[in-house]
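Participant: Input structure: target_29.txt, which contains compact mmCIF, C-alpha atoms.
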```
# COMPACT_ATOMS: atom_id res chain seq x y z
CA MET D 1 9.18 -33.24 -11.37
CA ASN D 2 10.73 -31.34 -14.26
CA LEU D 3 7.49 -29.38 -14.64
CA LEU D 4 7.47 -28.59 -10.91
CA MET D 5 11.05 -27.34 -11.06
CA ARG D 6 10.25 -25.15 -14.06
CA ALA D 7 7.20 -23.73 -12.30
CA ALA D 8 9.32 -22.97 -9.23
CA VAL D 9 11.97 -21.21 -11.32
CA ILE D 10 9.35 -19.19 -13.21
CA ALA D 11 7.62 -18.22 -9.97
CA ALA D 12 10.93 -17.16 -8.44
CA LEU D 13 11.91 -15.14 -11.50
CA PHE D 14 8.63 -13.25 -11.63
CA HIS D 15 8.26 -12.74 -7.90
CA ILE D 16 7.36 -9.13 -7.18
CA THR D 17 9.43 -7.71 -4.36
CA PRO D 18 8.14 -4.92 -2.10
CA VAL D 19 8.45 -1.25 -2.94
CA VAL D 20 11.10 0.77 -1.13
CA VAL D 21 11.50 4.54 -0.87
CA LEU D 22 14.65 5.69 -2.68
CA VAL D 23 14.12 9.39 -2.10
CA LYS D 24 11.59 10.69 0.42
CA ARG D 25 8.85 12.81 -1.11
CA PRO D 26 9.73 15.95 0.93
CA ASP D 27 13.32 15.69 -0.32
CA ALA D 28 12.11 15.29 -3.91
CA VAL D 29 9.83 18.34 -3.45
CA GLN D 30 12.70 20.45 -2.14
CA THR D 31 14.89 19.37 -5.04
CA LEU D 32 12.31 19.96 -7.74
CA LEU D 33 10.69 23.10 -6.31
CA PRO D 34 13.76 24.85 -4.85
CA GLY D 35 13.08 27.80 -2.59
CA ALA D 36 9.33 27.23 -2.41
CA ASP D 37 7.74 28.13 0.90
CA ALA D 38 4.11 27.37 0.08
CA TYR D 39 2.51 24.58 -1.87
CA VAL D 40 -0.84 23.77 -3.46
CA ALA D 41 -2.16 20.45 -4.67
CA ARG D 42 -4.05 20.78 -7.94
CA GLU D 43 -6.22 17.73 -8.47
CA VAL D 44 -7.46 17.40 -12.03
CA HIS D 45 -10.43 15.03 -12.28
CA LEU D 46 -10.43 13.79 -15.86
CA SER D 47 -13.59 13.31 -17.87
CA ALA D 48 -13.93 9.96 -19.61
CA LYS D 49 -13.05 11.64 -22.92
CA ASP D 50 -9.89 13.31 -21.60
CA ALA D 51 -8.84 10.17 -19.72
CA HIS D 52 -9.17 8.25 -22.98
CA ARG D 53 -7.16 10.90 -24.83
CA LEU D 54 -4.35 10.69 -22.27
CA HIS D 55 -4.40 6.91 -22.41
CA GLU D 56 -4.16 6.96 -26.19
CA ALA D 57 -1.24 9.39 -26.04
CA VAL D 58 0.96 7.72 -23.42
CA ASP D 59 -0.69 4.37 -22.63
CA TRP D 60 -1.48 5.46 -19.10
CA SER D 61 -4.48 6.14 -16.89
CA PRO D 62 -3.86 7.91 -13.57
CA GLU D 63 -5.26 6.26 -10.45
CA ASP D 64 -9.00 6.94 -10.07
CA GLY D 65 -8.78 9.22 -13.12
CA VAL D 66 -7.23 12.01 -11.05
CA LEU D 67 -3.98 13.79 -11.92
CA VAL D 68 -2.33 15.50 -8.95
CA PHE D 69 0.10 18.36 -9.56
CA TYR D 70 1.88 20.17 -6.75
CA GLY D 71 2.64 23.83 -7.32
CA GLY D 72 5.24 25.71 -5.30
CA THR D 73 5.59 29.42 -4.64
CA ALA D 74 8.23 31.56 -2.97
CA GLY D 75 6.32 34.56 -1.70
CA ALA D 76 4.16 35.60 -4.63
CA THR D 77 6.43 34.06 -7.25
CA SER D 78 5.74 30.68 -8.79
CA VAL D 79 8.63 28.25 -8.53
CA GLY D 80 7.03 25.65 -10.75
CA ALA D 81 5.12 22.41 -10.38
CA LEU D 82 5.78 18.75 -9.96
CA GLU D 83 4.02 15.48 -10.43
CA PHE D 84 4.54 11.99 -9.03
CA VAL D 85 3.95 9.38 -11.71
CA ARG D 86 3.78 5.65 -11.16
CA VAL D 87 4.97 3.20 -13.81
CA ASP D 88 3.96 -0.45 -13.49
CA THR D 89 6.55 -2.87 -14.81
CA PRO D 90 6.69 -6.68 -14.80
CA HIS D 91 9.09 -6.28 -11.85
CA GLY D 92 6.68 -4.11 -9.86
CA PRO D 93 6.02 -0.38 -9.75
CA ILE D 94 8.42 2.55 -9.78
CA GLU D 95 7.53 6.15 -8.94
CA VAL D 96 9.06 9.08 -10.74
CA ALA D 97 8.82 12.70 -9.58
CA VAL D 98 9.00 15.17 -12.46
CA GLY D 99 9.48 18.85 -11.72
CA PHE D 100 8.66 21.71 -14.11
CA THR D 101 9.85 25.30 -14.21
CA PRO D 102 7.19 28.06 -14.32
CA GLN D 103 7.90 28.20 -18.07
CA GLY D 104 6.90 24.56 -18.46
CA ALA D 105 10.29 22.93 -19.05
CA VAL D 106 11.42 19.92 -17.07
CA ARG D 107 13.58 21.17 -14.19
CA GLY D 108 14.51 17.73 -12.92
CA VAL D 109 13.50 14.14 -12.41
CA VAL D 110 13.85 12.05 -9.26
CA VAL D 111 13.09 8.34 -8.99
CA THR D 112 11.40 8.18 -5.60
CA LYS D 113 10.33 4.54 -5.33
CA ALA D 114 11.21 1.17 -6.81
CA THR D 115 10.96 -2.44 -5.79
CA VAL D 116 13.77 -4.01 -3.80
CA GLU D 117 14.69 -5.92 -6.96
CA MET D 118 14.89 -2.83 -9.17
CA LYS D 119 16.60 -0.56 -6.67
CA PRO D 120 20.18 -1.42 -7.77
CA TRP D 121 19.21 -1.00 -11.42
CA VAL D 122 17.74 2.44 -10.69
CA LEU D 123 20.82 3.48 -8.71
CA GLU D 124 23.08 2.35 -11.55
CA ALA D 125 21.00 4.22 -14.12
CA VAL D 126 20.97 7.39 -12.03
CA ALA D 127 24.74 7.10 -11.45
CA ALA D 128 25.15 6.86 -15.24
CA GLY D 129 23.49 10.27 -15.54
CA LEU D 130 19.97 9.16 -16.44
CA THR D 131 18.09 12.05 -14.88
CA ASP D 132 20.39 14.73 -16.35
CA HIS D 133 19.05 13.98 -19.82
CA TYR D 134 15.50 15.08 -19.06
CA ARG D 135 16.28 18.70 -18.18
CA GLY D 136 14.72 21.22 -20.51
CA LEU D 137 12.25 18.84 -22.16
CA ARG D 138 8.86 20.36 -22.91
CA SER D 139 5.45 18.94 -23.49
CA GLY D 140 4.85 18.41 -27.20
CA GLY D 141 8.56 18.54 -27.93
CA GLU D 142 11.23 15.89 -28.08
CA ALA D 143 10.26 12.58 -26.47
CA PRO D 144 12.24 11.50 -23.38
CA ALA D 145 15.05 9.21 -24.53
CA ALA D 146 17.49 9.22 -21.64
CA ALA D 147 17.67 5.42 -21.64
CA ALA D 148 19.30 5.44 -25.06
CA ALA D 149 21.76 8.09 -23.88
CA ILE D 150 23.13 5.98 -21.03
CA THR D 151 23.34 2.55 -22.68
CA SER D 152 27.10 2.83 -23.19
CA ARG D 153 27.64 3.55 -19.48
CA ALA D 154 25.10 1.22 -17.87
CA GLY D 155 24.24 -2.46 -17.83
CA ASN D 156 21.23 -4.05 -19.48
CA LEU D 157 19.06 -3.96 -16.38
CA ALA D 158 19.86 -0.31 -15.70
CA ALA D 159 19.02 0.46 -19.32
CA TYR D 160 15.80 -1.49 -18.93
CA VAL D 161 14.71 0.48 -15.88
CA ALA D 162 15.78 3.71 -17.61
CA ARG D 163 13.26 2.98 -20.36
CA GLU D 164 10.59 2.69 -17.67
CA VAL D 165 11.67 6.06 -16.26
CA ASP D 166 11.44 7.46 -19.80
CA LYS D 167 7.81 6.30 -19.82
CA GLY D 168 7.14 8.02 -16.51
CA VAL D 169 8.60 11.29 -17.77
CA ALA D 170 6.62 11.02 -21.02
CA ARG D 171 3.43 10.58 -18.97
CA ALA D 172 4.22 13.55 -16.77
CA LEU D 173 4.96 15.72 -19.82
CA ALA D 174 1.71 14.69 -21.53
CA ALA D 175 -0.36 15.28 -18.39
CA TYR D 176 1.30 18.62 -17.59
CA GLY D 177 1.02 19.90 -21.15
CA ALA D 178 -2.63 18.99 -21.56
CA PHE D 179 -4.08 19.64 -18.13
CA TYR D 180 -1.96 21.73 -15.76
CA ASN D 181 -2.77 25.15 -17.09
CA HIS D 182 -5.76 24.35 -19.24
CA VAL D 183 -8.40 23.33 -16.73
CA ARG D 184 -10.37 25.85 -14.71
CA THR D 185 -10.64 25.41 -10.94
CA MET V 1 3.18 -48.31 4.66
CA LEU V 2 6.39 -48.27 2.61
CA TYR V 3 7.01 -44.57 3.04
CA ASP V 4 7.57 -43.96 6.75
CA LEU V 5 9.85 -41.12 7.76
CA ARG V 6 10.63 -42.76 11.11
CA ARG V 7 12.35 -45.63 9.32
CA ALA V 8 13.46 -43.78 6.21
CA ASP V 9 17.03 -43.81 4.98
CA VAL V 10 19.13 -41.13 6.65
CA ARG V 11 19.51 -39.37 3.29
CA ILE V 12 15.73 -38.94 3.07
CA LYS V 13 15.63 -37.68 6.65
CA TRP V 14 18.26 -35.06 5.90
CA LEU V 15 16.47 -34.09 2.70
CA VAL V 16 13.22 -33.52 4.61
CA THR V 17 15.05 -31.71 7.42
CA GLY V 18 16.77 -29.44 4.93
CA LEU V 19 13.47 -28.73 3.18
CA LEU V 20 11.75 -27.89 6.48
CA ALA V 21 14.62 -25.68 7.63
CA THR V 22 14.68 -23.79 4.33
CA LEU V 23 10.92 -23.32 4.28
CA GLY V 24 11.05 -22.25 7.94
CA LEU V 25 13.60 -19.58 7.10
CA SER V 26 11.44 -18.30 4.24
CA TYR V 27 8.37 -18.29 6.50
CA VAL V 28 10.20 -16.21 9.12
CA PHE V 29 11.22 -13.64 6.54
CA GLY V 30 7.75 -13.82 5.01
CA ALA V 31 6.33 -12.85 8.38
CA VAL V 32 8.82 -9.98 8.69
CA MET V 33 7.84 -8.78 5.22
CA VAL V 34 4.15 -8.90 6.12
CA ALA V 35 4.92 -6.90 9.27
CA LEU V 36 6.77 -4.28 7.20
CA TYR V 37 4.31 -3.90 4.33
CA ALA V 38 0.84 -5.03 5.39
CA GLY V 39 0.79 -5.54 9.15
CA PHE V 40 -0.96 -8.11 11.27
CA THR V 41 -4.19 -6.28 12.10
CA PRO V 42 -7.41 -6.41 10.06
CA ARG V 43 -7.27 -2.61 9.72
CA SER V 44 -3.76 -2.52 8.26
CA VAL V 45 -4.45 -5.44 5.91
CA ALA V 46 -7.67 -3.73 4.76
CA ALA V 47 -5.73 -0.51 4.14
CA THR V 48 -3.23 -2.43 2.02
CA TYR V 49 -5.69 -4.29 -0.17
CA ALA V 50 -8.95 -2.33 -0.15
CA GLY V 51 -7.37 0.99 -1.03
CA PRO V 52 -9.21 3.93 -2.53
CA GLU V 53 -10.66 1.72 -5.25
CA MET V 54 -13.53 0.85 -2.92
CA SER V 55 -15.08 4.25 -3.66
CA MET V 56 -15.16 3.66 -7.48
CA PRO V 57 -15.67 7.36 -8.39
CA MET V 58 -17.48 8.15 -11.64
CA PRO V 59 -15.58 10.43 -14.04
CA PRO V 60 -17.06 13.95 -14.30
CA GLU V 61 -18.81 15.13 -17.48
CA THR V 62 -16.02 17.60 -18.15
CA THR V 63 -12.54 17.70 -16.71
CA VAL V 64 -12.41 19.79 -13.54
CA ALA V 65 -9.63 20.86 -11.22
CA VAL V 66 -9.69 21.33 -7.46
CA GLN V 67 -6.93 23.23 -5.71
CA ARG V 68 -6.04 23.11 -2.03
CA PRO V 69 -3.05 24.26 -0.01
CA VAL V 70 -0.69 21.61 1.30
CA ALA V 71 2.15 21.83 3.79
CA MET V 72 5.53 20.17 3.55
CA ALA V 73 4.38 17.92 6.40
CA ASP V 74 1.71 16.49 4.07
CA PHE V 75 4.44 15.19 1.77
CA ALA V 76 6.16 13.59 4.74
CA GLN V 77 3.17 11.61 5.96
CA PRO V 78 3.94 7.92 6.08
CA GLU V 79 2.38 6.26 3.10
CA VAL V 80 0.40 3.10 3.42
CA HIS V 81 1.74 0.35 1.20
CA THR V 82 -1.14 -0.45 -1.11
CA VAL V 83 -1.72 -3.25 -3.56
CA ASP V 84 -4.04 -2.27 -6.39
CA THR V 85 -5.93 -4.65 -8.65
CA LYS V 86 -3.15 -4.92 -11.25
CA LEU V 87 -0.54 -5.69 -8.62
CA LEU V 88 -2.84 -8.18 -6.90
CA ILE V 89 -3.35 -9.98 -10.21
CA GLN V 90 0.43 -10.15 -10.59
CA ASP V 91 0.87 -11.27 -6.97
CA THR V 92 -1.78 -13.96 -7.31
CA HIS V 93 -0.25 -15.18 -10.55
CA VAL V 94 3.23 -15.58 -9.08
CA HIS V 95 2.48 -16.54 -5.48
CA VAL V 96 -0.26 -19.14 -5.88
CA PRO V 97 1.86 -21.63 -7.90
CA MET V 98 4.66 -21.29 -5.35
CA TYR V 99 2.22 -21.77 -2.45
CA GLY V 100 0.88 -24.84 -4.24
CA LEU V 101 4.39 -26.28 -4.53
CA ILE V 102 5.14 -25.58 -0.87
CA ALA V 103 1.85 -27.18 0.21
CA ALA V 104 2.62 -30.18 -2.01
CA ALA V 105 6.13 -30.55 -0.57
CA LEU V 106 4.81 -30.36 3.00
CA GLY V 107 1.99 -32.72 2.02
CA VAL V 108 4.57 -35.28 0.90
CA VAL V 109 6.22 -34.93 4.32
CA VAL V 110 2.80 -35.46 5.98
CA ALA V 111 2.31 -38.63 3.93
CA GLY V 112 5.47 -40.04 5.52
CA LEU V 113 4.41 -39.28 9.07
CA SER V 114 2.96 -41.87 11.36
CA LEU V 115 -0.45 -40.29 11.90
CA PRO V 116 -4.04 -41.48 11.91
CA ARG V 117 -5.42 -41.17 8.37
CA ARG V 118 -7.91 -38.49 9.41
CA TRP V 119 -5.22 -36.33 10.98
CA ALA V 120 -3.04 -36.63 7.91
CA LEU V 121 -5.92 -35.73 5.62
CA GLY V 122 -6.81 -32.81 7.87
CA LEU V 123 -3.23 -31.53 7.75
CA ILE V 124 -3.09 -31.82 3.95
CA VAL V 125 -6.38 -29.95 3.66
CA LEU V 126 -5.04 -27.24 6.00
CA LEU V 127 -1.83 -26.93 3.95
CA PHE V 128 -3.78 -26.20 0.78
CA ALA V 129 -6.68 -24.30 2.37
CA ALA V 130 -4.36 -21.74 4.02
CA PRO V 131 -3.09 -20.11 0.79
CA TRP V 132 -6.58 -20.24 -0.67
CA LEU V 133 -7.86 -18.35 2.38
CA ASP V 134 -4.94 -15.92 2.13
CA PHE V 135 -5.65 -14.89 -1.45
CA ALA V 136 -9.44 -15.20 -1.18
CA GLY V 137 -9.22 -12.71 1.69
CA MET V 138 -7.14 -10.29 -0.39
CA TRP V 139 -9.55 -10.41 -3.32
CA LEU V 140 -12.66 -10.19 -1.15
CA THR V 141 -11.13 -7.26 0.73
CA LYS V 142 -10.55 -5.50 -2.57
CA LEU V 143 -13.80 -6.38 -4.32
CA ALA V 144 -16.38 -6.92 -1.58
CA SER V 145 -15.60 -5.40 1.81
CA PRO V 146 -12.57 -4.45 3.94
CA ARG V 147 -14.05 -6.74 6.60
CA PHE V 148 -12.67 -9.71 4.68
CA ALA V 149 -9.14 -8.70 5.73
CA ILE V 150 -9.68 -11.09 8.63
CA VAL V 151 -9.79 -13.98 6.10
CA THR V 152 -6.32 -13.05 4.84
CA LEU V 153 -5.04 -12.96 8.40
CA ALA V 154 -6.64 -16.33 9.09
CA GLY V 155 -4.99 -17.72 5.96
CA GLY V 156 -1.58 -16.39 6.96
CA TRP V 157 -1.79 -17.77 10.49
CA ALA V 158 -3.11 -21.08 9.13
CA MET V 159 -0.08 -21.32 6.85
CA GLY V 160 2.25 -20.72 9.78
CA LEU V 161 0.37 -23.15 12.02
CA ALA V 162 0.34 -25.92 9.40
CA TYR V 163 4.07 -25.52 8.85
CA VAL V 164 4.83 -25.64 12.60
CA ILE V 165 2.71 -28.79 13.08
CA VAL V 166 4.31 -30.59 10.12
CA ALA V 167 7.85 -29.51 11.04
CA ALA V 168 7.45 -30.44 14.73
CA LEU V 169 5.96 -33.86 13.96
CA ALA V 170 8.51 -34.61 11.25
CA VAL V 171 11.53 -33.64 13.35
CA HIS V 172 10.18 -35.57 16.32
CA GLN V 173 9.42 -38.72 14.35
CA MET V 174 12.63 -38.70 12.27
CA TRP V 175 15.18 -37.77 14.94
CA LEU V 176 13.67 -38.10 18.43
CA SER V 177 11.07 -40.86 18.42
CA ARG V 178 11.95 -44.18 20.09
CA GLU V 179 10.46 -46.01 17.13
CA ARG V 180 12.80 -44.38 14.62
CA GLY V 181 14.88 -46.72 12.50
```
Translate the structure of the given file into structure tokens.
Facilitator:
Amino acid sequence: MNLLMRAAVIAALFHITPVVVLVKRPDAVQTLLPGADAYVAREVHLSAKDAHRLHEAVDWSPEDGVLVFYGGTAGATSVGALEFVRVDTPHGPIEVAVGFTPQGAVRGVVVTKATVEMKPWVLEAVAAGLTDHYRGLRSGGEAPAAAAAITSRAGNLAAYVAREVDKGVARALAAYGAFYNHVRT
Amino acid sequence: MLYDLRRADVRIKWLVTGLLATLGLSYVFGAVMVALYAGFTPRSVAATYAGPEMSMPMPPETTVAVQRPVAMADFAQPEVHTVDTKLLIQDTHVHVPMYGLIAAALGVVVAGLSLPRRWALGLIVLLFAAPWLDFAGMWLTKLASPRFAIVTLAGGWAMGLAYVIVAALAVHQMWLSRERG
């Protein structure tokens, strides 16, 4: 009976709850590509070698080996680009939208999806200023470390989810730096 | 038989009633969750579990980019909730033990019912077969063909049906039957 109870507790603890939308994608696009009136989707199909390189760098392989960047323009002027990155955690997936300026610096980060379980942790982390710490980061530069910056203002679970968001931003930076402007269409 | 819910101590009857009520509540919310995230049609279940992985694209020789215009409306399109292989492994790992425990608990209730042996055995088989069908359908939908979504639906309905039969018989025999002790 003891074993059964333990199994039930373990199963309950590790139960994956469904994913909920925290910020709708159109709202994230408007936030991260402000003023854009036209958009393009740039799908980068990675070769096995490049996919391996990306995996080695940030421990991540995009779904089906395809990176999707969305570029925005206002008239003839580029507003920047953004990428939606998924991070799988033991508590289920989260999705992070990372926006870049035309110069390649991070303009902003929005957590767009999380599981029902992680939602309050994400909201707490964001309220503690998590996403403010990513602005200005560049590919090849300083690694995202916003989680460490909010630990004094957030609980353990918020800090935990912040580390997962750090991973998402690191993946977006690596993908953007290596493949956004360096692959011919 | 020593264990007969009709003549069981009132404490046992309340324990079984509480268990059935609690499981019933979780089943109702389970059904609502399925409606929200996977749906009750073979097509929607197939869309959830089969996903784009069915195509298994080969990586190109060299990295290539394809560009196409998108409208804001494309970002707003409702997204289908999908469960990829990693998530299905996780789901199987955490759900199957719990389903086993639920089937075992309901099986213990069945053992206390006054039923012909064959009916009792059939119910116990149904209790355990339903979750097997449920997850077999998910994996077959992902790995073999979206047509197997119907197996997942059959498993889900079988789970609900088995619960309703056990709960109805147990409540009737414990609290309503003339032969109750």
Participant: Which value, in Å to one decimal, gives the distance between CA of Thr141 in chain V and CA of Pro42 in chain V?
Facilitator: 10.1 Å
Participant: Using all atoms listed in the file, which residue out of V:Ala104, V:Val32, V:Ala50, V:Leu25 lies closest to Ala149 in chain V?
Facilitator: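 Closest to Ala149 in chain V, using all atoms listed in the file: V:Ala50.
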Participant: Expressed in Å to a single decimal, how great is the separation between CA of Ala97 in chain D and CA of Thr63 in chain V?
Facilitator: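 Between CA of Ala97 in chain D and CA of Thr63 in chain V the gap works out to 23.1 Å.
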Participant: Fewer than 3 positions away in the same chain doesn't count, so skip those; otherwise give me all residues within 12 Å of Gly39 in chain V, counting only C-alpha atoms, as a ChimeraX atom specification.
Facilitator: /V:30-36,42-49,80-82,149-150,152-153,156
Participant: Counting only C-alpha atoms, a student should be able to say which residues of chain D come within 6 Å of chain V; what is the right answer, written as a PyMOL selection string?
Facilitator: chain D and resi 11+15+25-26+39-48+185
Participant: Between CA of Gly155 in chain V and CA of Gln173 in chain V, what is the distance, to one decimal in Å?
Facilitator: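 Going from CA of Gly155 in chain V over to CA of Gln173 in chain V, I get 26.8 Å.
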Participant: Residues near Gly108 in chain D, anyone? I mean within 12 Å using all atoms listed in the file, not counting same-chain ones fewer than 6 positions away, as a short mmCIF file (atom, residue, chain, number, x, y, z; two decimals) with C-alpha atoms, keeping the file's coordinate frame.
Facilitator:
```cif
data_model
loop_
_atom_site.label_atom_id
_atom_site.label_comp_id
_atom_site.auth_asym_id
_atom_site.auth_seq_id
_atom_site.Cartn_x
_atom_site.Cartn_y
_atom_site.Cartn_z
CA ALA D 28 12.11 15.29 -3.91
CA VAL D 29 9.83 18.34 -3.45
CA GLN D 30 12.70 20.45 -2.14
CA THR D 31 14.89 19.37 -5.04
CA LEU D 32 12.31 19.96 -7.74
CA LEU D 33 10.69 23.10 -6.31
CA PRO D 34 13.76 24.85 -4.85
CA GLY D 80 7.03 25.65 -10.75
CA ALA D 81 5.12 22.41 -10.38
CA LEU D 82 5.78 18.75 -9.96
CA GLU D 83 4.02 15.48 -10.43
CA VAL D 96 9.06 9.08 -10.74
CA ALA D 97 8.82 12.70 -9.58
CA VAL D 98 9.00 15.17 -12.46
CA GLY D 99 9.48 18.85 -11.72
CA PHE D 100 8.66 21.71 -14.11
CA THR D 101 9.85 25.30 -14.21
CA GLY D 129 23.49 10.27 -15.54
CA LEU D 130 19.97 9.16 -16.44
CA THR D 131 18.09 12.05 -14.88
CA ASP D 132 20.39 14.73 -16.35
CA HIS D 133 19.05 13.98 -19.82
CA TYR D 134 15.50 15.08 -19.06
CA ARG D 135 16.28 18.70 -18.18
CA GLY D 136 14.72 21.22 -20.51
CA LEU D 137 12.25 18.84 -22.16
CA ARG D 138 8.86 20.36 -22.91
CA VAL D 169 8.60 11.29 -17.77
CA ALA D 172 4.22 13.55 -16.77
CA LEU D 173 4.96 15.72 -19.82
#
```
